[in-house]
Amino acid sequence: MSSKLQRLFVTSRLERGAVVALSKDQAHYLGNVLRLKRGDNLLLFNGKDGEWWAELIAIGRKEAEARLDHQTRPQEEGPDLHYLFAPLKRARLDYMVQKATELGASALRPVITRHTVADRVKPGRLLANAIEAAEQCGVLRVPAILEPEKLTKLLDAWDAARLLIFADEVAPHASPIEVLRSRRAERLAVLIGPEGGFEREERAALLAKPFVLPISLGPRVMRADTAAVAALALVNAALGDWQ
């Protein structure tokens with residue numbers, strides 16, 4: 001595999017000899033921006049069938065096709081790790097989604113809290129940012145995008161087999177690695193609250209649930225997008241696939 005080859009996410013099934021039709025936007029990008037032509041190579045992945053070496057067999061202004069030759073990497077499942085977040089304003093939300101994808105999140109779940117600063121979430125934009133991050137960073141899967149849900153409703157319907165790791169600003173500054181390793185679980189979720197923090201009643205509702213594990217991210221106050229990176233890195237190191 002060459003890291004210099006353009007990587008594209010597609011929804012088609014990938015197998016040797018298959019011809020994959022690329023989208024209009026992908027055709028435009030390959031032909032008009034990258035100036036690729038028939039016979040050039042690229043890498044395709046769909047989050048299920050690994051990564052494949054492909055050859056462009058047709059490219060025009062609005063359409064393109066690529067034929068698959070061989071698999072360059074088998075599919076990697078990664079951790080079963082959901083990332084829950086209170087939506088942020090546009091640019092910072094884009095950044096957070098990209099970093100969560102790079103850090104191995106398997107699902108992105110917007111959570112509406114009382115202090116949420118952005119009350120609208122565009123799933124299509126979340127998915128576009130996740131795909132872009134996966135394409136650029138060699139990630140083989142794109143996280144699922146779930147519909148926004150109010151915190152109270154989410155907690156009431158939570159699957160107790162999935163450990164919910166809650167970045168708690170009020171938690172004692174104990175070692176988060178030690179706290180995480182005290183509660184082993186195969187199915188994980190990380191929750192980062194809004195910029196204004198959780199209200200007292202919301203925090204109490206979280207701490208009352210047996211499936212919730214509060215951790216501290218240290219003595220410094222972080223912005224939500226920074227806290228996302230810190231918490232996901234800690235979880236990967238203690239319980240995920242960085243061990």
# chains A, B, ... in the order shown; residues from 1 in each chain; ligands from 1

$ residues_around --residues "range 71-88 of chain A" --least-positions-apart "3" --cutoff "6 Å" --atoms "only C-alpha atoms" --output "PyMOL selection string"
chain A and resi 1+49-52+93+105-112+116+118+187-194+240

$ residues_around --residues "Leu217 in chain A" --least-positions-apart "6" --cutoff "8 Å" --atoms "only C-alpha atoms" --output "NGL selection string"
:A and (167-169 or 173 or 176 or 227 or 230-231)

$ closest_atom_pairs --of "range 29-73 of chain A" --to "range 3-20 of chain A" --cutoff "8 Å" --atoms "only C-alpha atoms" --output "JSON lines"
{"residue": "A:Asn41", "atom": "CA", "partner": "A:Leu5", "partner_atom": "CA", "distance": 7.0}
{"residue": "A:Leu42", "atom": "CA", "partner": "A:Gln6", "partner_atom": "CA", "distance": 5.1}
{"residue": "A:Leu43", "atom": "CA", "partner": "A:Arg7", "partner_atom": "CA", "distance": 4.6}
{"residue": "A:Leu44", "atom": "CA", "partner": "A:Leu8", "partner_atom": "CA", "distance": 5.0}
{"residue": "A:Phe45", "atom": "CA", "partner": "A:Phe9", "partner_atom": "CA", "distance": 5.1}
{"residue": "A:Asn46", "atom": "CA", "partner": "A:Val10", "partner_atom": "CA", "distance": 5.1}
{"residue": "A:Gly47", "atom": "CA", "partner": "A:Phe9", "partner_atom": "CA", "distance": 8.0}
{"residue": "A:Asp49", "atom": "CA", "partner": "A:Leu14", "partner_atom": "CA", "distance": 5.9}
{"residue": "A:Trp52", "atom": "CA", "partner": "A:Leu14", "partner_atom": "CA", "distance": 7.5}
{"residue": "A:Glu65", "atom": "CA", "partner": "A:Val20", "partner_atom": "CA", "distance": 5.5}
{"residue": "A:Ala66", "atom": "CA", "partner": "A:Val20", "partner_atom": "CA", "distance": 5.3}
{"residue": "A:Arg67", "atom": "CA", "partner": "A:Val19", "partner_atom": "CA", "distance": 4.4}
{"residue": "A:Leu68", "atom": "CA", "partner": "A:Gly17", "partner_atom": "CA", "distance": 5.1}
{"residue": "A:Asp69", "atom": "CA", "partner": "A:Arg16", "partner_atom": "CA", "distance": 5.5}
{"residue": "A:His70", "atom": "CA", "partner": "A:Arg16", "partner_atom": "CA", "distance": 5.9}
{"residue": "A:Gln71", "atom": "CA", "partner": "A:Arg16", "partner_atom": "CA", "distance": 7.7}

$ write_last_selection --atoms "N, CA and C atoms" --output "PDB file, in the first residue's frame"
ATOM      1  N   ASN A  41      -4.293   4.984 -10.053  1.00  0.00           N
ATOM      2  CA  ASN A  41      -4.730   4.127  -8.946  1.00  0.00           C
ATOM      3  C   ASN A  41      -5.193   4.932  -7.743  1.00  0.00           C
ATOM      4  N   LEU A  42      -6.015   4.300  -6.927  1.00  0.00           N
ATOM      5  CA  LEU A  42      -6.486   4.886  -5.672  1.00  0.00           C
ATOM      6  C   LEU A  42      -6.878   3.758  -4.738  1.00  0.00           C
ATOM      7  N   LEU A  43      -7.199   4.104  -3.509  1.00  0.00           N
ATOM      8  CA  LEU A  43      -7.609   3.127  -2.504  1.00  0.00           C
ATOM      9  C   LEU A  43      -9.064   3.369  -2.120  1.00  0.00           C
ATOM     10  N   LEU A  44      -9.825   2.294  -2.013  1.00  0.00           N
ATOM     11  CA  LEU A  44     -11.234   2.398  -1.644  1.00  0.00           C
ATOM     12  C   LEU A  44     -11.501   1.581  -0.384  1.00  0.00           C
ATOM     13  N   PHE A  45     -12.415   2.064   0.458  1.00  0.00           N
ATOM     14  CA  PHE A  45     -12.846   1.319   1.636  1.00  0.00           C
ATOM     15  C   PHE A  45     -14.307   1.646   1.901  1.00  0.00           C
ATOM     16  N   ASN A  46     -14.989   0.725   2.588  1.00  0.00           N
ATOM     17  CA  ASN A  46     -16.405   0.936   2.880  1.00  0.00           C
ATOM     18  C   ASN A  46     -16.756   0.680   4.341  1.00  0.00           C
ATOM     19  N   GLY A  47     -15.752   0.458   5.185  1.00  0.00           N
ATOM     20  CA  GLY A  47     -16.000   0.207   6.598  1.00  0.00           C
ATOM     21  C   GLY A  47     -16.369  -1.230   6.916  1.00  0.00           C
ATOM     22  N   ASP A  49     -15.324  -4.166   4.309  1.00  0.00           N
ATOM     23  CA  ASP A  49     -14.566  -5.133   3.508  1.00  0.00           C
ATOM     24  C   ASP A  49     -13.082  -4.810   3.407  1.00  0.00           C
ATOM     25  N   TRP A  52      -8.970  -1.513  -0.454  1.00  0.00           N
ATOM     26  CA  TRP A  52      -8.676  -2.148  -1.737  1.00  0.00           C
ATOM     27  C   TRP A  52      -7.954  -1.207  -2.685  1.00  0.00           C
ATOM     28  N   GLU A  65     -15.541   5.460 -12.634  1.00  0.00           N
ATOM     29  CA  GLU A  65     -15.616   4.073 -12.210  1.00  0.00           C
ATOM     30  C   GLU A  65     -14.210   3.563 -11.911  1.00  0.00           C
ATOM     31  N   ALA A  66     -14.148   2.687 -10.926  1.00  0.00           N
ATOM     32  CA  ALA A  66     -12.862   2.086 -10.565  1.00  0.00           C
ATOM     33  C   ALA A  66     -13.031   0.586 -10.441  1.00  0.00           C
ATOM     34  N   ARG A  67     -12.023  -0.174 -10.906  1.00  0.00           N
ATOM     35  CA  ARG A  67     -12.049  -1.639 -10.797  1.00  0.00           C
ATOM     36  C   ARG A  67     -11.101  -2.066  -9.674  1.00  0.00           C
ATOM     37  N   LEU A  68     -11.598  -2.941  -8.811  1.00  0.00           N
ATOM     38  CA  LEU A  68     -10.805  -3.410  -7.678  1.00  0.00           C
ATOM     39  C   LEU A  68      -9.829  -4.495  -8.120  1.00  0.00           C
ATOM     40  N   ASP A  69      -8.582  -4.381  -7.629  1.00  0.00           N
ATOM     41  CA  ASP A  69      -7.553  -5.360  -7.979  1.00  0.00           C
ATOM     42  C   ASP A  69      -7.249  -6.286  -6.811  1.00  0.00           C
ATOM     43  N   HIS A  70      -6.825  -5.727  -5.671  1.00  0.00           N
ATOM     44  CA  HIS A  70      -6.492  -6.579  -4.533  1.00  0.00           C
ATOM     45  C   HIS A  70      -6.690  -5.808  -3.234  1.00  0.00           C
ATOM     46  N   GLN A  71      -6.870  -6.558  -2.177  1.00  0.00           N
ATOM     47  CA  GLN A  71      -7.050  -5.951  -0.859  1.00  0.00           C
ATOM     48  C   GLN A  71      -5.687  -5.573  -0.278  1.00  0.00           C
TER      49      GLN A  71
END

$ select_by_dssp --residues "range 39-84 of chain A" --states "strand (DSSP E or B)" --output "number ranges by chain"
A: 41-45, 51-59, 64-73, 80-84

$ write_last_selection --atoms "N, CA and C atoms" --output "PDB file, in the first residue's frame"
ATOM      1  N   ASN A  41      -4.293   4.984 -10.053  1.00  0.00           N
ATOM      2  CA  ASN A  41      -4.730   4.127  -8.946  1.00  0.00           C
ATOM      3  C   ASN A  41      -5.193   4.932  -7.743  1.00  0.00           C
ATOM      4  N   LEU A  42      -6.015   4.300  -6.927  1.00  0.00           N
ATOM      5  CA  LEU A  42      -6.486   4.886  -5.672  1.00  0.00           C
ATOM      6  C   LEU A  42      -6.878   3.758  -4.738  1.00  0.00           C
ATOM      7  N   LEU A  43      -7.199   4.104  -3.509  1.00  0.00           N
ATOM      8  CA  LEU A  43      -7.609   3.127  -2.504  1.00  0.00           C
ATOM      9  C   LEU A  43      -9.064   3.369  -2.120  1.00  0.00           C
ATOM     10  N   LEU A  44      -9.825   2.294  -2.013  1.00  0.00           N
ATOM     11  CA  LEU A  44     -11.234   2.398  -1.644  1.00  0.00           C
ATOM     12  C   LEU A  44     -11.501   1.581  -0.384  1.00  0.00           C
ATOM     13  N   PHE A  45     -12.415   2.064   0.458  1.00  0.00           N
ATOM     14  CA  PHE A  45     -12.846   1.319   1.636  1.00  0.00           C
ATOM     15  C   PHE A  45     -14.307   1.646   1.901  1.00  0.00           C
ATOM     16  N   GLU A  51      -9.587  -2.438   2.934  1.00  0.00           N
ATOM     17  CA  GLU A  51      -9.132  -1.412   1.988  1.00  0.00           C
ATOM     18  C   GLU A  51      -8.647  -2.096   0.713  1.00  0.00           C
ATOM     19  N   TRP A  52      -8.970  -1.513  -0.454  1.00  0.00           N
ATOM     20  CA  TRP A  52      -8.676  -2.148  -1.737  1.00  0.00           C
ATOM     21  C   TRP A  52      -7.954  -1.207  -2.685  1.00  0.00           C
ATOM     22  N   TRP A  53      -6.987  -1.783  -3.401  1.00  0.00           N
ATOM     23  CA  TRP A  53      -6.279  -1.093  -4.484  1.00  0.00           C
ATOM     24  C   TRP A  53      -7.185  -1.134  -5.715  1.00  0.00           C
ATOM     25  N   ALA A  54      -7.404   0.037  -6.311  1.00  0.00           N
ATOM     26  CA  ALA A  54      -8.303   0.111  -7.454  1.00  0.00           C
ATOM     27  C   ALA A  54      -7.674   0.918  -8.577  1.00  0.00           C
ATOM     28  N   GLU A  55      -8.146   0.670  -9.785  1.00  0.00           N
ATOM     29  CA  GLU A  55      -7.695   1.400 -10.967  1.00  0.00           C
ATOM     30  C   GLU A  55      -8.875   2.144 -11.572  1.00  0.00           C
ATOM     31  N   LEU A  56      -8.663   3.412 -11.871  1.00  0.00           N
ATOM     32  CA  LEU A  56      -9.701   4.174 -12.551  1.00  0.00           C
ATOM     33  C   LEU A  56      -9.840   3.652 -13.983  1.00  0.00           C
ATOM     34  N   ILE A  57     -11.033   3.208 -14.328  1.00  0.00           N
ATOM     35  CA  ILE A  57     -11.254   2.708 -15.687  1.00  0.00           C
ATOM     36  C   ILE A  57     -12.112   3.666 -16.504  1.00  0.00           C
ATOM     37  N   ALA A  58     -12.690   4.652 -15.848  1.00  0.00           N
ATOM     38  CA  ALA A  58     -13.460   5.686 -16.550  1.00  0.00           C
ATOM     39  C   ALA A  58     -13.536   6.900 -15.642  1.00  0.00           C
ATOM     40  N   ILE A  59     -13.367   8.088 -16.193  1.00  0.00           N
ATOM     41  CA  ILE A  59     -13.493   9.305 -15.400  1.00  0.00           C
ATOM     42  C   ILE A  59     -13.934  10.439 -16.308  1.00  0.00           C
ATOM     43  N   ALA A  64     -17.414   8.528 -12.581  1.00  0.00           N
ATOM     44  CA  ALA A  64     -16.146   7.805 -12.636  1.00  0.00           C
ATOM     45  C   ALA A  64     -16.384   6.390 -12.146  1.00  0.00           C
ATOM     46  N   GLU A  65     -15.541   5.460 -12.634  1.00  0.00           N
ATOM     47  CA  GLU A  65     -15.616   4.073 -12.210  1.00  0.00           C
ATOM     48  C   GLU A  65     -14.210   3.563 -11.911  1.00  0.00           C
ATOM     49  N   ALA A  66     -14.148   2.687 -10.926  1.00  0.00           N
ATOM     50  CA  ALA A  66     -12.862   2.086 -10.565  1.00  0.00           C
ATOM     51  C   ALA A  66     -13.031   0.586 -10.441  1.00  0.00           C
ATOM     52  N   ARG A  67     -12.023  -0.174 -10.906  1.00  0.00           N
ATOM     53  CA  ARG A  67     -12.049  -1.639 -10.797  1.00  0.00           C
ATOM     54  C   ARG A  67     -11.101  -2.066  -9.674  1.00  0.00           C
ATOM     55  N   LEU A  68     -11.598  -2.941  -8.811  1.00  0.00           N
ATOM     56  CA  LEU A  68     -10.805  -3.410  -7.678  1.00  0.00           C
ATOM     57  C   LEU A  68      -9.829  -4.495  -8.120  1.00  0.00           C
ATOM     58  N   ASP A  69      -8.582  -4.381  -7.629  1.00  0.00           N
ATOM     59  CA  ASP A  69      -7.553  -5.360  -7.979  1.00  0.00           C
ATOM     60  C   ASP A  69      -7.249  -6.286  -6.811  1.00  0.00           C
ATOM     61  N   HIS A  70      -6.825  -5.727  -5.671  1.00  0.00           N
ATOM     62  CA  HIS A  70      -6.492  -6.579  -4.533  1.00  0.00           C
ATOM     63  C   HIS A  70      -6.690  -5.808  -3.234  1.00  0.00           C
ATOM     64  N   GLN A  71      -6.870  -6.558  -2.177  1.00  0.00           N
ATOM     65  CA  GLN A  71      -7.050  -5.951  -0.859  1.00  0.00           C
ATOM     66  C   GLN A  71      -5.687  -5.573  -0.278  1.00  0.00           C
ATOM     67  N   THR A  72      -5.567  -4.344   0.190  1.00  0.00           N
ATOM     68  CA  THR A  72      -4.315  -3.887   0.794  1.00  0.00           C
ATOM     69  C   THR A  72      -4.311  -4.041   2.313  1.00  0.00           C
ATOM     70  N   ARG A  73      -5.495  -4.017   2.930  1.00  0.00           N
ATOM     71  CA  ARG A  73      -5.608  -4.220   4.371  1.00  0.00           C
ATOM     72  C   ARG A  73      -6.935  -4.886   4.679  1.00  0.00           C
ATOM     73  N   ASP A  80     -15.406  -1.114  20.502  1.00  0.00           N
ATOM     74  CA  ASP A  80     -16.842  -0.832  20.520  1.00  0.00           C
ATOM     75  C   ASP A  80     -17.034   0.372  21.437  1.00  0.00           C
ATOM     76  N   LEU A  81     -16.846   1.553  20.874  1.00  0.00           N
ATOM     77  CA  LEU A  81     -16.728   2.782  21.652  1.00  0.00           C
ATOM     78  C   LEU A  81     -17.643   3.863  21.081  1.00  0.00           C
ATOM     79  N   HIS A  82     -18.709   4.173  21.814  1.00  0.00           N
ATOM     80  CA  HIS A  82     -19.605   5.247  21.413  1.00  0.00           C
ATOM     81  C   HIS A  82     -19.125   6.569  22.014  1.00  0.00           C
ATOM     82  N   TYR A  83     -19.241   7.625  21.227  1.00  0.00           N
ATOM     83  CA  TYR A  83     -18.884   8.956  21.737  1.00  0.00           C
ATOM     84  C   TYR A  83     -20.146   9.806  21.813  1.00  0.00           C
ATOM     85  N   LEU A  84     -20.489  10.245  23.028  1.00  0.00           N
ATOM     86  CA  LEU A  84     -21.674  11.051  23.282  1.00  0.00           C
ATOM     87  C   LEU A  84     -21.239  12.479  23.591  1.00  0.00           C
TER      88      LEU A  84
END

$ select_by_dssp --residues "range 59-240 of chain A" --states "helix (DSSP H, G or I)" --output "PyMOL selection string"
chain A and resi 90-102+123-137+151-156+176-181+200-207+224-238

$ closest_residue --among "A:Val170, A:Ala185, A:Val235, A:Val179" --to "Arg203 in chain A" --atoms "only C-alpha atoms"
A:Val170

$ atom_distance --atom1 "CA of Ala100 in chain A" --atom2 "CA of Ala21 in chain A"
28.6 Å

$ atom_distance --atom1 "CA of Ser182 in chain A" --atom2 "CA of Leu206 in chain A"
18.4 Å

$ closest_residue --among "A:Gln136, A:Ser23, A:Gln98, A:Ser175" --to "Ala238 in chain A" --atoms "only C-alpha atoms"
A:Ser175

$ decode --residues "range 208-226 of chain A" --atoms "C-alpha atoms" --output "PDB file, in the first residue's frame"
ATOM      1  CA  ALA A 208     -27.209   7.560  40.271  1.00  0.00           C
ATOM      2  CA  LYS A 209     -26.869   5.056  37.423  1.00  0.00           C
ATOM      3  CA  PRO A 210     -24.806   1.899  38.148  1.00  0.00           C
ATOM      4  CA  PHE A 211     -23.503   1.818  34.566  1.00  0.00           C
ATOM      5  CA  VAL A 212     -21.952   5.312  34.837  1.00  0.00           C
ATOM      6  CA  LEU A 213     -18.261   5.718  35.703  1.00  0.00           C
ATOM      7  CA  PRO A 214     -17.170   9.308  36.473  1.00  0.00           C
ATOM      8  CA  ILE A 215     -13.564  10.230  35.762  1.00  0.00           C
ATOM      9  CA  SER A 216     -11.524  13.391  36.153  1.00  0.00           C
ATOM     10  CA  LEU A 217      -9.620  14.948  33.267  1.00  0.00           C
ATOM     11  CA  GLY A 218      -7.290  16.751  35.639  1.00  0.00           C
ATOM     12  CA  PRO A 219      -7.107  20.165  37.312  1.00  0.00           C
ATOM     13  CA  ARG A 220      -7.419  22.301  34.176  1.00  0.00           C
ATOM     14  CA  VAL A 221     -10.721  23.324  32.641  1.00  0.00           C
ATOM     15  CA  MET A 222     -10.881  22.195  29.006  1.00  0.00           C
ATOM     16  CA  ARG A 223     -13.101  23.195  26.150  1.00  0.00           C
ATOM     17  CA  ALA A 224     -15.466  20.425  25.110  1.00  0.00           C
ATOM     18  CA  ASP A 225     -13.572  19.582  21.914  1.00  0.00           C
ATOM     19  CA  THR A 226     -10.278  19.335  23.836  1.00  0.00           C
TER      20      THR A 226
END
